[in-house]
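Participant: Here it is, the structure, as structure tokens.
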Protein chains: 2
Amino acid sequence: VAAGVPGGVPEARDDATVLWLGDAATGVISLIDQTRLPTEFVRIECRDVPAVWEAIKVLRVRGAPAIGVAAAYGAVLGARTGGLADAQAVRAALRDATTFLRTSRPTAVNLFWALDRMDRVAEAAPTLDGPALLGRLLEEAHAIAEEDRAMCRSIGRHGAELVQPGQGILTHCNAGGLATADYGTALAVIFSAHEQGKPVHVFADETRPLLQGARLTAWELQRRGVPVTLICDNMAAQVMKEGKVQLVVVGADRIASNGDTANKIGTYGVALLARAHGIPFYVAAPSSTFDLSLSDGSAIPIEQRDPREVTEGFGRTTAPVGISVYNPAFDVTPAELIAGIITERGVIRPVVAERIRAVLGADA
Amino acid sequence: VAAGVPGGVPEARDDATVLWLGDAATGVISLIDQTRLPTEFVRIECRDVPAVWEAIKVLRVRGAPAIGVAAAYGAVLGARTGGLADAQAVRAALRDATTFLRTSRPTAVNLFWALDRMDRVAEAAPTLDGPALLGRLLEEAHAIAEEDRAMCRSIGRHGAELVQPGQGILTHCNAGGLATADYGTALAVIFSAHEQGKPVHVFADETRPLLQGARLTAWELQRRGVPVTLICDNMAAQVMKEGKVQLVVVGADRIASNGDTANKIGTYGVALLARAHGIPFYVAAPSSTFDLSLSDGSAIPIEQRDPREVTEGFGRTTAPVGISVYNPAFDVTPAELIAGIITERGVIRPVVAERIRAVLGADA
């Protein structure tokens with residue numbers, strides 16, 4: 001797999017979650033196929049929009065920020081399919097691509113946010129010719145990736161201030177480097193604290209049905225040398241009861257203007273368990289995860305996924321044939337259960353609409 | 001596998017969880033190998049004590065009452081290994097067998113309760129010769145199995161009174177016919193309500209790591225025609241939030257004299273989630289599951305199981321090599337979270353020491 005990356009993407013590494021390789025006219029997207037971790041570390045290349053759509057749909061690339069980056073690069077792949085001689089063809093192909101990519105997954109708002117940005121680039125540059133427009137689109141996608149890297153580092157810095165040496169920290173699903181362009185959101189908080197020399201011990205929920213906690217979070221923490229213990233989701237309450245957890249930090253897929261937070265299924269339950277044990281529950285997410293068009297979490301669309309993820313998730317049938325399954329991919333944690341939301345602009349606390357607007361600033 | 005069973009075991013069927021086939025001197029234990037459900041329905045035969053120990057240890061037979069029945073029959077297998085000519089040899093072999101079988105699993109008290117009963121049979125009949133003693137031991141094991149069947153039916157009758165038509169009922173792990181000699185404890189409540197014509201809909205937690213909910217509970221409910229939806233453990237909170245659950249019923253592995261209840265890991269979390277949603281949480285268990293020697297749940301030993309159940313449970317490695325895992329098999333739900341305990345002698349409610357003693361009566 002490719003070692004280097006053309007200019008414009010500082011910090012890009014072989015283990016970057018999503019990379020663009022090459023120039024705007026002929027480049028491809030390289031991404032870690034997260035469905036094959038932790039037993040295989042494999043990069044795949046996406047050369048057209050359907051491949052990007054499929055990669056998002058089946059979770060080869062997942063995590064709200066990483067989906068946004070992959071989709072932005074996917075828009076570049078799409079824009080050039082109409083040929084570069086005709087700028088109008090580039091614009092039309094871009095629209096087709098962003099429209100199609102929006103259908104890949106419904107919940108994470110970063111997908112729509114990133115694709116909206118790509119559409120606006122074309123709208124804001126009506127006089128560019130085809131090659132120039134395509135170059136501008138790739139610049140914007142690179143900017144989205146770069147901003148994501150910077151946001152993760154900033155989230156890590158802000159969040160690390162909340163971590164006390166010696167704490168046990170529970171997290172759910174994967175909000176790490178694999179869920180972002182690099183470094184993560186919830187895991188950025190842990191990585192930053194660890195790098196500052198604060199000893200911490202992480203309890204990682206395995207996160208059924210697709211085991212992102214077992215496959216991805218445990219893998220990331222192990223690689224960075226952070227002490228981690230893997231548990232099944234249904235052990236979180238017991239671990240809390242035993243006094244092993246002093247802090248919960250999770251990521252987010254969409255946050256409403258009142259702070260209600262959609263995240264991986266099971267997050268709401270973890271928040272209730274944390275509340276019952278008096279443990280503060282934090283969300284870590286960039287400002288791009290907020291959807292201020294929604295007054296609260298009730299309007300966040302919740303993706304329902306294939307029952308086979310539950311009944312035959314890992315190469316073996318584990319339920320009776322024909323059984324009915326409920327498989328929502330996300331749930332919504334009410335703002336009242338969230339001690340604070342750690343963003344790249346600071347920690348929003350208490351989690352109420354006014355504080356959210358104040359911290360997000362002009363964008364709100 | 002054998003169709004009939006010698007006299008003394010009415011209701012025994014091909015799909016009975018644990019059966020004795022044959023006479024005391026040459027008979028064997030036949031049991032459903034629950035590790036192979038739901039994809040294969042296979043009966044295996046245990047011909048000696050190590051085979052019974054292994055079957056309990058690896059959960060071919062599991063569920064507190066069923067473990068008690070299997071262990072009682074296992075004691076018969078052990079008692080005859082010393083030869084029947086010498087009654088003292090039978091007694092010694094019985095003691096060796098019950099001592100060894102006690103080491104198979106630490107948490108379910110029914111195991112110790114059943115083996116104590118078998119030991120007491122020998123102590124109470126000091127003058128019997130070898131063959132007569134062995135026959136008496138088999139009678140006692142049959143009695144334990146028969147009483148279990150009767151207890152399950154009685155639990156079902158008492159519990160069904162708590163069920164309202166149209167309710168959604170959530171259960172965790174498997175407290176069904178497979179966990180008992182027949183019919184179940186928590187599932188007996190559901191089966192009874194269903195047989196009375198009360199429409200109910202069950203939500204079955206899959207119950208990681210060994211998926212007894214997905215493999216066994218879903219299978220039992222499906223076979224009996226009870227509507228059931230399988231969910232991952234981490235979806236229980238969301239299902240409750242959506243108003244789909246009006247009642248929670250689970251089994252128990254050991255209940256302390258104040259009502260604190262050890263049951264499959266995850267039960268405590270479910271109880272907290274039920275409390276948060278105002279849903280009554282019931283335990284269903286026979287009187288043999290009470291351990292009145294313990295003042296509260298803190299002294300109940302909690303079995304820790306092999307990490308590979310978590311990391312390679314689905315036939316595929318789903319976590320990084322070398323990862324630390326915490327895998328307790330049980331947790332303890334405090335009595336204060338339990339609305340009532342459904343026993344064969346009636347419903348204990350509220351769950352306090354005095355009510356427990358009053359309902360359990362003379363045995364307490």
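Ordering of the structure tokens sets the chain letters (A, B, ...); residue numbers start at 1 within each chain; ligands are numbered from 1 in the order shown.
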I'd like the neighbourhood of Glu309 in chain A as a ChimeraX atom specification, where a residue qualifies if any of its atoms comes within 10 Å (using only C-alpha atoms), though same-chain residues fewer than 6 positions away should be ignored.
Facilitator: /A:208-210,325,327
Participant: Find the residues around Glu206 in chain A up to 9 Å (only C-alpha atoms counted), leave out those fewer than 4 positions away in its own chain, and share them as a list in words.
Facilitator: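 In the requested format, the answer is His172, Cys173, Leu210, Leu211, Gln212, Gly213, Ala214, Arg215, Thr217, Ala218, Leu230, Ile231, Cys232 and Asp233 of chain A; Val310 and Ala319 of chain B.
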Participant: Among range 117-267 of chain B, which residues does DSSP mark as strand (DSSP E) when it is run on the backbone? Keep the chain and numbering as in the structure and answer as number ranges by chain.
Facilitator: B: 168-171, 201-205, 228-231, 247-250, 254-256, 261-264
Participant: Starting from chain A, keep only residues with some atom at most 9 Å from an atom of chain B, counting only C-alpha atoms, and report them as an mmCIF file with N, CA, C and O atoms, in the first residue's frame.
Facilitator:
data_model
loop_
_atom_site.group_PDB
_atom_site.id
_atom_site.type_symbol
_atom_site.label_atom_id
_atom_site.label_comp_id
_atom_site.auth_asym_id
_atom_site.auth_seq_id
_atom_site.Cartn_x
_atom_site.Cartn_y
_atom_site.Cartn_z
ATOM 1 N N LEU A 37 -10.356 -5.340 10.873
ATOM 2 C CA LEU A 37 -9.616 -5.226 12.138
ATOM 3 C C LEU A 37 -10.322 -6.049 13.209
ATOM 4 O O LEU A 37 -11.531 -6.210 13.144
ATOM 5 N N PRO A 38 -9.620 -6.556 14.229
ATOM 6 C CA PRO A 38 -8.202 -6.341 14.496
ATOM 7 C C PRO A 38 -7.302 -7.430 13.923
ATOM 8 O O PRO A 38 -6.100 -7.347 14.060
ATOM 9 N N THR A 39 -7.897 -8.434 13.269
ATOM 10 C CA THR A 39 -7.046 -9.552 12.848
ATOM 11 C C THR A 39 -6.260 -9.233 11.583
ATOM 12 O O THR A 39 -5.211 -9.803 11.344
ATOM 13 N N GLU A 206 -17.531 -3.742 24.416
ATOM 14 C CA GLU A 206 -17.270 -4.361 23.112
ATOM 15 C C GLU A 206 -18.181 -3.807 22.021
ATOM 16 O O GLU A 206 -17.792 -3.723 20.867
ATOM 17 N N THR A 207 -19.411 -3.422 22.403
ATOM 18 C CA THR A 207 -20.328 -2.719 21.507
ATOM 19 C C THR A 207 -20.892 -3.614 20.409
ATOM 20 O O THR A 207 -20.493 -3.584 19.251
ATOM 21 N N ARG A 208 -21.841 -4.441 20.844
ATOM 22 C CA ARG A 208 -22.601 -5.238 19.890
ATOM 23 C C ARG A 208 -23.517 -4.338 19.077
ATOM 24 O O ARG A 208 -23.910 -3.284 19.550
ATOM 25 N N PRO A 209 -23.880 -4.739 17.849
ATOM 26 C CA PRO A 209 -23.529 -6.029 17.247
ATOM 27 C C PRO A 209 -22.191 -6.066 16.511
ATOM 28 O O PRO A 209 -21.671 -7.157 16.310
ATOM 29 N N LEU A 211 -19.187 -4.821 17.292
ATOM 30 C CA LEU A 211 -17.987 -4.977 18.125
ATOM 31 C C LEU A 211 -16.897 -3.948 17.832
ATOM 32 O O LEU A 211 -15.706 -4.255 17.907
ATOM 33 N N GLY A 213 -15.991 -1.655 19.719
ATOM 34 C CA GLY A 213 -15.181 -1.477 20.929
ATOM 35 C C GLY A 213 -14.107 -2.544 21.039
ATOM 36 O O GLY A 213 -12.948 -2.256 21.335
ATOM 37 N N ALA A 214 -14.493 -3.798 20.794
ATOM 38 C CA ALA A 214 -13.537 -4.909 20.883
ATOM 39 C C ALA A 214 -12.534 -4.862 19.744
ATOM 40 O O ALA A 214 -11.333 -5.071 19.944
ATOM 41 N N ARG A 215 -13.042 -4.599 18.539
ATOM 42 C CA ARG A 215 -12.182 -4.695 17.364
ATOM 43 C C ARG A 215 -11.327 -3.448 17.163
ATOM 44 O O ARG A 215 -10.180 -3.544 16.721
ATOM 45 N N LEU A 216 -11.887 -2.265 17.475
ATOM 46 C CA LEU A 216 -11.232 -1.014 17.090
ATOM 47 C C LEU A 216 -10.692 -0.237 18.291
ATOM 48 O O LEU A 216 -9.525 0.156 18.309
ATOM 49 N N ALA A 218 -10.216 -1.225 21.489
ATOM 50 C CA ALA A 218 -9.193 -1.992 22.206
ATOM 51 C C ALA A 218 -7.888 -2.002 21.415
ATOM 52 O O ALA A 218 -6.796 -1.874 21.976
ATOM 53 N N TRP A 219 -7.999 -2.105 20.105
ATOM 54 C CA TRP A 219 -6.832 -2.130 19.223
ATOM 55 C C TRP A 219 -6.086 -0.797 19.260
ATOM 56 O O TRP A 219 -4.867 -0.744 19.415
ATOM 57 N N GLN A 222 -4.453 -0.305 22.742
ATOM 58 C CA GLN A 222 -3.322 -1.216 22.886
ATOM 59 C C GLN A 222 -2.120 -0.693 22.090
ATOM 60 O O GLN A 222 -0.988 -0.684 22.578
ATOM 61 N N PRO A 227 -3.474 1.399 29.093
ATOM 62 C CA PRO A 227 -4.059 0.200 29.713
ATOM 63 C C PRO A 227 -5.563 0.117 29.446
ATOM 64 O O PRO A 227 -6.290 1.089 29.655
ATOM 65 N N VAL A 228 -5.995 -1.042 28.973
ATOM 66 C CA VAL A 228 -7.399 -1.185 28.596
ATOM 67 C C VAL A 228 -7.887 -2.582 28.951
ATOM 68 O O VAL A 228 -7.154 -3.556 28.804
ATOM 69 N N THR A 229 -9.099 -2.640 29.449
ATOM 70 C CA THR A 229 -9.771 -3.911 29.718
ATOM 71 C C THR A 229 -11.045 -3.958 28.891
ATOM 72 O O THR A 229 -11.862 -3.035 28.935
ATOM 73 N N LEU A 230 -11.182 -5.026 28.142
ATOM 74 C CA LEU A 230 -12.366 -5.220 27.309
ATOM 75 C C LEU A 230 -13.476 -5.869 28.129
ATOM 76 O O LEU A 230 -13.227 -6.835 28.862
ATOM 77 N N ILE A 231 -14.684 -5.339 27.997
ATOM 78 C CA ILE A 231 -15.848 -5.949 28.662
ATOM 79 C C ILE A 231 -16.993 -6.073 27.666
ATOM 80 O O ILE A 231 -17.036 -5.362 26.666
ATOM 81 N N CYS A 232 -17.905 -6.985 27.952
ATOM 82 C CA CYS A 232 -19.156 -7.019 27.201
ATOM 83 C C CYS A 232 -20.017 -5.842 27.664
ATOM 84 O O CYS A 232 -19.891 -5.358 28.787
ATOM 85 N N ASP A 233 -20.888 -5.395 26.771
ATOM 86 C CA ASP A 233 -21.720 -4.234 27.090
ATOM 87 C C ASP A 233 -22.475 -4.422 28.397
ATOM 88 O O ASP A 233 -22.640 -3.480 29.166
ATOM 89 N N ASN A 234 -22.935 -5.640 28.643
ATOM 90 C CA ASN A 234 -23.776 -5.872 29.820
ATOM 91 C C ASN A 234 -22.979 -5.962 31.123
ATOM 92 O O ASN A 234 -23.551 -6.212 32.183
ATOM 93 N N MET A 235 -21.661 -5.750 31.046
ATOM 94 C CA MET A 235 -20.831 -5.747 32.256
ATOM 95 C C MET A 235 -20.560 -4.332 32.778
ATOM 96 O O MET A 235 -19.969 -4.165 33.847
ATOM 97 N N ALA A 236 -20.972 -3.320 32.026
ATOM 98 C CA ALA A 236 -20.650 -1.942 32.403
ATOM 99 C C ALA A 236 -21.199 -1.595 33.789
ATOM 100 O O ALA A 236 -20.516 -0.966 34.600
ATOM 101 N N ALA A 237 -22.424 -2.014 34.062
ATOM 102 C CA ALA A 237 -23.028 -1.687 35.356
ATOM 103 C C ALA A 237 -22.211 -2.300 36.495
ATOM 104 O O ALA A 237 -21.968 -1.656 37.524
ATOM 105 N N GLN A 238 -21.790 -3.540 36.320
ATOM 106 C CA GLN A 238 -21.031 -4.213 37.367
ATOM 107 C C GLN A 238 -19.670 -3.533 37.580
ATOM 108 O O GLN A 238 -19.222 -3.351 38.719
ATOM 109 N N VAL A 239 -19.009 -3.169 36.504
ATOM 110 C CA VAL A 239 -17.711 -2.495 36.607
ATOM 111 C C VAL A 239 -17.872 -1.164 37.344
ATOM 112 O O VAL A 239 -17.048 -0.794 38.181
ATOM 113 N N ILE A 265 -25.781 2.732 19.471
ATOM 114 C CA ILE A 265 -26.757 2.063 20.330
ATOM 115 C C ILE A 265 -26.054 1.553 21.601
ATOM 116 O O ILE A 265 -24.971 0.980 21.530
ATOM 117 N N GLY A 266 -26.723 1.789 22.716
ATOM 118 C CA GLY A 266 -26.145 1.413 24.002
ATOM 119 C C GLY A 266 -25.634 2.598 24.785
ATOM 120 O O GLY A 266 -25.485 2.516 26.009
ATOM 121 N N THR A 267 -25.388 3.710 24.098
ATOM 122 C CA THR A 267 -24.863 4.884 24.783
ATOM 123 C C THR A 267 -25.857 5.409 25.817
ATOM 124 O O THR A 267 -25.476 5.764 26.942
ATOM 125 N N TYR A 268 -27.125 5.454 25.434
ATOM 126 C CA TYR A 268 -28.158 5.936 26.362
ATOM 127 C C TYR A 268 -28.184 5.081 27.627
ATOM 128 O O TYR A 268 -28.260 5.601 28.751
ATOM 129 N N GLY A 269 -28.093 3.780 27.475
ATOM 130 C CA GLY A 269 -28.059 2.901 28.643
ATOM 131 C C GLY A 269 -26.844 3.171 29.516
ATOM 132 O O GLY A 269 -26.950 3.225 30.746
ATOM 133 N N VAL A 270 -25.693 3.356 28.896
ATOM 134 C CA VAL A 270 -24.477 3.665 29.659
ATOM 135 C C VAL A 270 -24.674 4.965 30.444
ATOM 136 O O VAL A 270 -24.275 5.069 31.606
ATOM 137 N N LEU A 272 -27.466 6.207 31.585
ATOM 138 C CA LEU A 272 -28.339 5.940 32.734
ATOM 139 C C LEU A 272 -27.573 5.221 33.840
ATOM 140 O O LEU A 272 -27.748 5.523 35.031
ATOM 141 N N LEU A 273 -26.732 4.264 33.473
ATOM 142 C CA LEU A 273 -25.957 3.536 34.475
ATOM 143 C C LEU A 273 -24.960 4.461 35.163
ATOM 144 O O LEU A 273 -24.746 4.370 36.377
ATOM 145 N N ALA A 276 -26.805 6.481 37.666
ATOM 146 C CA ALA A 276 -27.170 5.687 38.849
ATOM 147 C C ALA A 276 -25.986 5.503 39.792
ATOM 148 O O ALA A 276 -26.175 5.281 40.992
ATOM 149 N N VAL A 310 -26.979 -9.098 13.975
ATOM 150 C CA VAL A 310 -27.204 -9.648 15.318
ATOM 151 C C VAL A 310 -27.169 -11.181 15.308
ATOM 152 O O VAL A 310 -26.612 -11.803 16.205
ATOM 153 N N THR A 311 -27.758 -11.783 14.271
ATOM 154 C CA THR A 311 -27.938 -13.234 14.288
ATOM 155 C C THR A 311 -26.780 -14.016 13.685
ATOM 156 O O THR A 311 -26.622 -15.194 13.970
ATOM 157 N N GLU A 312 -25.993 -13.361 12.827
ATOM 158 C CA GLU A 312 -24.853 -14.082 12.251
ATOM 159 C C GLU A 312 -23.688 -13.143 12.024
ATOM 160 O O GLU A 312 -23.089 -13.105 10.950
ATOM 161 N N GLY A 313 -23.368 -12.422 13.079
ATOM 162 C CA GLY A 313 -22.399 -11.348 12.926
ATOM 163 C C GLY A 313 -20.980 -11.785 12.656
ATOM 164 O O GLY A 313 -20.224 -11.076 12.012
ATOM 165 N N PHE A 314 -20.588 -12.902 13.151
ATOM 166 C CA PHE A 314 -19.166 -13.205 13.069
ATOM 167 C C PHE A 314 -18.894 -14.622 12.599
ATOM 168 O O PHE A 314 -18.098 -15.351 13.177
ATOM 169 N N GLY A 315 -19.572 -15.001 11.529
ATOM 170 C CA GLY A 315 -19.226 -16.259 10.892
ATOM 171 C C GLY A 315 -19.951 -17.455 11.470
ATOM 172 O O GLY A 315 -19.657 -18.589 11.126
ATOM 173 N N ARG A 316 -20.893 -17.201 12.367
ATOM 174 C CA ARG A 316 -21.585 -18.324 12.971
ATOM 175 C C ARG A 316 -23.019 -17.880 13.251
ATOM 176 O O ARG A 316 -23.231 -16.759 13.692
ATOM 177 N N THR A 317 -23.989 -18.742 12.993
ATOM 178 C CA THR A 317 -25.379 -18.410 13.286
ATOM 179 C C THR A 317 -25.625 -18.597 14.775
ATOM 180 O O THR A 317 -25.397 -19.681 15.306
ATOM 181 N N THR A 318 -26.083 -17.542 15.432
ATOM 182 C CA THR A 318 -26.212 -17.589 16.885
ATOM 183 C C THR A 318 -27.639 -17.352 17.351
ATOM 184 O O THR A 318 -27.863 -17.044 18.517
ATOM 185 N N ALA A 319 -28.611 -17.483 16.455
ATOM 186 C CA ALA A 319 -30.019 -17.327 16.831
ATOM 187 C C ALA A 319 -30.848 -18.233 15.932
ATOM 188 O O ALA A 319 -30.388 -18.629 14.861
ATOM 189 N N PRO A 320 -32.064 -18.562 16.365
ATOM 190 C CA PRO A 320 -32.885 -19.455 15.546
ATOM 191 C C PRO A 320 -33.223 -18.828 14.198
ATOM 192 O O PRO A 320 -33.393 -17.610 14.095
ATOM 193 N N VAL A 321 -33.341 -19.657 13.187
ATOM 194 C CA VAL A 321 -33.747 -19.185 11.870
ATOM 195 C C VAL A 321 -35.122 -18.531 11.972
ATOM 196 O O VAL A 321 -36.007 -19.035 12.655
ATOM 197 N N ILE A 323 -36.002 -15.722 13.391
ATOM 198 C CA ILE A 323 -36.310 -14.950 14.594
ATOM 199 C C ILE A 323 -36.433 -13.463 14.244
ATOM 200 O O ILE A 323 -35.720 -12.955 13.381
ATOM 201 N N SER A 324 -37.347 -12.776 14.915
ATOM 202 C CA SER A 324 -37.486 -11.334 14.750
ATOM 203 C C SER A 324 -36.377 -10.621 15.513
ATOM 204 O O SER A 324 -36.034 -11.007 16.629
ATOM 205 N N VAL A 325 -35.808 -9.594 14.894
ATOM 206 C CA VAL A 325 -34.687 -8.861 15.499
ATOM 207 C C VAL A 325 -34.966 -7.373 15.412
ATOM 208 O O VAL A 325 -35.494 -6.886 14.413
ATOM 209 N N TYR A 326 -34.606 -6.649 16.447
ATOM 210 C CA TYR A 326 -34.635 -5.180 16.420
ATOM 211 C C TYR A 326 -33.185 -4.732 16.457
ATOM 212 O O TYR A 326 -32.451 -5.121 17.371
ATOM 213 N N ASN A 327 -32.757 -3.948 15.470
ATOM 214 C CA ASN A 327 -31.343 -3.598 15.371
ATOM 215 C C ASN A 327 -31.126 -2.126 15.045
ATOM 216 O O ASN A 327 -30.623 -1.778 13.972
ATOM 217 N N PRO A 328 -31.514 -1.240 15.959
ATOM 218 C CA PRO A 328 -31.236 0.179 15.728
ATOM 219 C C PRO A 328 -29.740 0.440 15.906
ATOM 220 O O PRO A 328 -29.119 -0.100 16.822
ATOM 221 N N ASP A 331 -28.872 5.389 19.491
ATOM 222 C CA ASP A 331 -29.919 5.850 20.381
ATOM 223 C C ASP A 331 -29.616 7.301 20.728
ATOM 224 O O ASP A 331 -28.585 7.849 20.318
ATOM 225 N N VAL A 332 -30.544 7.925 21.432
ATOM 226 C CA VAL A 332 -30.385 9.337 21.772
ATOM 227 C C VAL A 332 -30.312 9.476 23.289
ATOM 228 O O VAL A 332 -31.208 9.025 24.006
#
Participant: Hey, can you check how far CA of Val49 in chain A sits from CA of Arg149 in chain A?
Facilitator: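 We find that CA of Val49 in chain A and CA of Arg149 in chain A lie 23.6 Å from each other.
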Participant: Could you tell me how far CA of His142 in chain B sits from CA of Gly177 in chain B, in Å to one decimal place?
Facilitator: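 Atom-to-atom, CA of Gly177 in chain B and CA of His142 in chain B are spaced 16.8 Å apart.
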Participant: Pick out the closest residue to Ala108 in chain A from this set: A:Gly361, A:Pro65, A:Gly166, A:Gly176. Count only C-alpha atoms.
Facilitator: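 The answer is A:Pro65, which sits nearest to Ala108 in chain A.
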